[in-house]
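Student: First the structure, which I've put down as structure tokens, then a few questions once you've had a look.
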Amino acid sequence: MGNNLSPSTVISYKNNIKHISEFVGNKKLSQIKPSHLEYAYAEMLKGGLSPSSVNSIHRTISTMWNSAFKKGIVRANVTAITDAPSGQKRNPTVLGRDEWKSIIAASLEEEDGIIIEFLLKTGMRIQKEALATTWDQIDFDSGTVTVAESKTDAGSFRTIPLESDLLERLKIRKSEQESKIDLSDPLKKFNATNLVFCNRYGNVHSISNLRRDVWKRIKEASGIAERTTFHDLRHNAGSYLLSEN
């Protein structure tokens, strides 16, 4: 794909490849058909990924396949005859006060539901910010969380106040983590990287798993639109915070 790619482009390619690998990673390129890719795209959309994000994944795969085709690694560029979602951006889903409350109530019933509550109440980006947050970034005395490196310079190192109920739940989560052992290796320190939102093994969460499992169940339980994404929560955070003050 070239040697002159920017670091952000390389990261984007890696993330896109990771997404599609969950569906076709066990197949050789020559075995993959348009129907495999179209099924993967449909499942990604059902899981909460936006059409523009899925389109970005398709474009990354198309670039790879075109390169493989030119080098004779594959006989055809199957991505050229694969139907993919349009990259046209949609307007974010606007949620009402009752829907916010339903989301929070449903999140309390999920082991990792606090991640959803955190997104709604802080407006953080999920992958670059929320899932990368460590306990060192949370100040329990002042009731704030400081964003580390973000997608933009303006977003980096900003300080966000934490609502009191969320702050108490974070305290409980921290205490629970400190009492756990690493299930994959009992001799290793649990959550060695000090993540606020680590998985049951103490490692960073898979955003795809969160979409497919936790977020999907919360949407069903709260009755909000299936098309609602993590990014929509970010767009609703400001309205939520204003309504609570």
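Ligands are numbered from 1 in the order shown, residues from 1 within each chain, and chains are lettered A, B, ... in the order they appear in the structure tokens.
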Residues at most 9 Å from A:Val145, counting only C-alpha atoms, excluding those fewer than 4 positions away in the same chain, as a list in words?
Tutor: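 Selected residues are Thr122, Thr133, Trp135, Asp136, Gln137, Ile138, Asp139, Phe140, Arg158, Thr159, Ile160, Pro161 and Leu162 of chain A.
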Student: Put those residues in a file: C-alpha atoms, as a compact mmCIF listing (two decimals), in the first residue's frame.
Tutor:
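Writing the result to result_28.txt gives the following:
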```txt
# COMPACT_ATOMS: atom_id res chain seq x y z
CA THR A 122 -18.22 12.39 29.18
CA THR A 133 -8.17 5.83 29.85
CA TRP A 135 -6.85 5.16 36.54
CA ASP A 136 -4.10 7.79 36.72
CA GLN A 137 -6.25 10.05 34.53
CA ILE A 138 -9.14 10.03 37.01
CA ASP A 139 -8.95 12.41 39.95
CA PHE A 140 -11.44 11.16 42.53
CA ARG A 158 -8.89 18.28 28.19
CA THR A 159 -10.42 17.82 31.64
CA ILE A 160 -14.01 16.58 31.95
CA PRO A 161 -16.13 16.66 35.12
CA LEU A 162 -17.60 13.33 36.22
```
Student: If we count only C-alpha atoms, what is near A:Arg169 at a cut-off of 10 Å, once residues fewer than 5 positions away on the same chain are taken out, given as a list in words?
Tutor: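 Using only C-alpha atoms, the neighbours found are Leu108, Ile114, Ser164, Lys174 and Ser175 of chain A.
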Student: Can you build me a table of stretch 147-229 of chain A residues sitting at most 9 Å from stretch 49-63 of chain A, with the closest atom pair per residue and its distance in Å to one decimal, using only C-alpha atoms, sorted by chain and residue number, as JSON lines?
Tutor:
```
{"residue": "A:Ser208", "atom": "CA", "partner": "A:Leu49", "partner_atom": "CA", "distance": 8.8}
{"residue": "A:Arg211", "atom": "CA", "partner": "A:Leu49", "partner_atom": "CA", "distance": 7.9}
{"residue": "A:Arg227", "atom": "CA", "partner": "A:Ser50", "partner_atom": "CA", "distance": 8.1}
{"residue": "A:Thr228", "atom": "CA", "partner": "A:Ser50", "partner_atom": "CA", "distance": 8.9}
{"residue": "A:Thr229", "atom": "CA", "partner": "A:Leu49", "partner_atom": "CA", "distance": 6.6}
```
Student: Please list as an mmCIF file with N, CA and C atoms, in the first residue's frame every residue within 9 Å of A:Leu29, counting only C-alpha atoms and excluding residues in the same chain fewer than 4 positions away.
Tutor:
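What ended up in around_5.cif:
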```
data_model
loop_
_atom_site.group_PDB
_atom_site.id
_atom_site.type_symbol
_atom_site.label_atom_id
_atom_site.label_comp_id
_atom_site.auth_asym_id
_atom_site.auth_seq_id
_atom_site.Cartn_x
_atom_site.Cartn_y
_atom_site.Cartn_z
ATOM 1 N N VAL A 24 -13.361 -12.923 7.981
ATOM 2 C CA VAL A 24 -12.737 -13.717 6.912
ATOM 3 C C VAL A 24 -11.274 -14.033 7.200
ATOM 4 N N LYS A 33 -15.182 -14.628 -1.284
ATOM 5 C CA LYS A 33 -16.113 -14.225 -2.342
ATOM 6 C C LYS A 33 -16.823 -12.925 -1.950
ATOM 7 N N TRP A 65 -6.617 -5.606 -2.184
ATOM 8 C CA TRP A 65 -6.944 -6.596 -3.196
ATOM 9 C C TRP A 65 -6.433 -6.169 -4.570
ATOM 10 N N ILE A 73 -1.237 -12.344 -7.225
ATOM 11 C CA ILE A 73 -1.511 -13.175 -6.052
ATOM 12 C C ILE A 73 -2.939 -13.729 -6.110
ATOM 13 N N VAL A 74 -3.863 -12.938 -6.637
ATOM 14 C CA VAL A 74 -5.244 -13.389 -6.836
ATOM 15 C C VAL A 74 -5.620 -13.180 -8.296
#
```
Student: Which of stretch 58-213 of chain A counts as strand (DSSP E or B) under DSSP, as a list in words please?
Tutor: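 Strand (DSSP E or B) members of stretch 58-213 of chain A, listed: Thr134, Ile138, Asp139, Thr144, Val145, Thr146, Thr159, Ile160, Pro161, Leu195, Cys198 and Val204 of chain A.
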Student: For A:Gly202, work out the shell of residues within 8 Å, counting only C-alpha atoms and skipping chain neighbours fewer than 3 positions away, then give it as a list in words.
Tutor: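 Here the qualifying residues turn out to be Asp182, Phe190, Asn191, Ala192, Leu195, Cys198 and Asn199 of chain A.
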Student: Give me a file of those residues, with N, CA, C and O atoms, as a PDB file, in the first residue's frame.
Tutor:
```pdb
ATOM      1  N   ASP A 182      -5.383 -12.262  37.167  1.00  0.00           N
ATOM      2  CA  ASP A 182      -5.430 -12.458  35.723  1.00  0.00           C
ATOM      3  C   ASP A 182      -5.822 -13.902  35.432  1.00  0.00           C
ATOM      4  O   ASP A 182      -5.074 -14.829  35.740  1.00  0.00           O
ATOM      5  N   PHE A 190      -2.907  -8.459  37.422  1.00  0.00           N
ATOM      6  CA  PHE A 190      -4.137  -8.162  36.691  1.00  0.00           C
ATOM      7  C   PHE A 190      -4.131  -6.706  36.240  1.00  0.00           C
ATOM      8  O   PHE A 190      -3.786  -5.808  37.000  1.00  0.00           O
ATOM      9  N   ASN A 191      -4.525  -6.475  34.982  1.00  0.00           N
ATOM     10  CA  ASN A 191      -4.618  -5.123  34.439  1.00  0.00           C
ATOM     11  C   ASN A 191      -3.298  -4.365  34.610  1.00  0.00           C
ATOM     12  O   ASN A 191      -3.243  -3.292  35.217  1.00  0.00           O
ATOM     13  N   ALA A 192      -2.250  -4.930  34.059  1.00  0.00           N
ATOM     14  CA  ALA A 192      -0.905  -4.353  34.221  1.00  0.00           C
ATOM     15  C   ALA A 192      -0.787  -2.946  33.649  1.00  0.00           C
ATOM     16  O   ALA A 192       0.041  -2.158  34.099  1.00  0.00           O
ATOM     17  N   LEU A 195      -5.736   0.056  33.039  1.00  0.00           N
ATOM     18  CA  LEU A 195      -6.882   0.554  32.285  1.00  0.00           C
ATOM     19  C   LEU A 195      -8.140   0.618  33.153  1.00  0.00           C
ATOM     20  O   LEU A 195      -8.395  -0.274  33.955  1.00  0.00           O
ATOM     21  N   CYS A 198     -10.741  -2.365  31.378  1.00  0.00           N
ATOM     22  CA  CYS A 198     -10.122  -3.593  30.875  1.00  0.00           C
ATOM     23  C   CYS A 198     -11.173  -4.694  30.815  1.00  0.00           C
ATOM     24  O   CYS A 198     -12.235  -4.603  31.428  1.00  0.00           O
ATOM     25  N   ASN A 199     -10.865  -5.756  30.076  1.00  0.00           N
ATOM     26  CA  ASN A 199     -11.776  -6.892  30.020  1.00  0.00           C
ATOM     27  C   ASN A 199     -11.509  -7.842  31.187  1.00  0.00           C
ATOM     28  O   ASN A 199     -10.701  -7.549  32.068  1.00  0.00           O
TER      29      ASN A 199
END
```
Student: Would you mind listing what lies within 12 Å of A:Ser21 as a list in words, with only C-alpha atoms counted and same-chain residues fewer than 6 positions away left out?
Tutor: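 Skipping anything fewer than 6 positions along the chain leaves Lys14, Asn15, Lys27, Lys28, Leu29, Ile32, His36, Leu37, Ala40, Tyr41, Met44, Ile57, Ile61 and Ser208 of chain A.
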Student: I need the chosen residues saved as a PDB file, in the first residue's frame, with C-alpha atoms.
Tutor:
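Saved as again-v4.pdb:
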```
ATOM      1  CA  LYS A  14      -4.717  -1.666  10.798  1.00  0.00           C
ATOM      2  CA  ASN A  15      -8.063  -1.036  12.507  1.00  0.00           C
ATOM      3  CA  LYS A  27      -9.734 -17.835   4.766  1.00  0.00           C
ATOM      4  CA  LYS A  28      -7.146 -17.446   2.013  1.00  0.00           C
ATOM      5  CA  LEU A  29      -7.623 -14.463  -0.295  1.00  0.00           C
ATOM      6  CA  ILE A  32     -13.052 -15.075  -0.259  1.00  0.00           C
ATOM      7  CA  HIS A  36     -18.450 -13.164   2.371  1.00  0.00           C
ATOM      8  CA  LEU A  37     -17.608  -9.470   2.368  1.00  0.00           C
ATOM      9  CA  ALA A  40     -19.397  -9.029   6.998  1.00  0.00           C
ATOM     10  CA  TYR A  41     -20.484  -5.493   6.122  1.00  0.00           C
ATOM     11  CA  MET A  44     -20.822  -4.645  11.117  1.00  0.00           C
ATOM     12  CA  ILE A  57     -13.104  -0.722   5.701  1.00  0.00           C
ATOM     13  CA  ILE A  61      -9.680  -3.952   1.518  1.00  0.00           C
ATOM     14  CA  SER A 208     -16.153  -5.063  18.044  1.00  0.00           C
TER      15      SER A 208
END
```
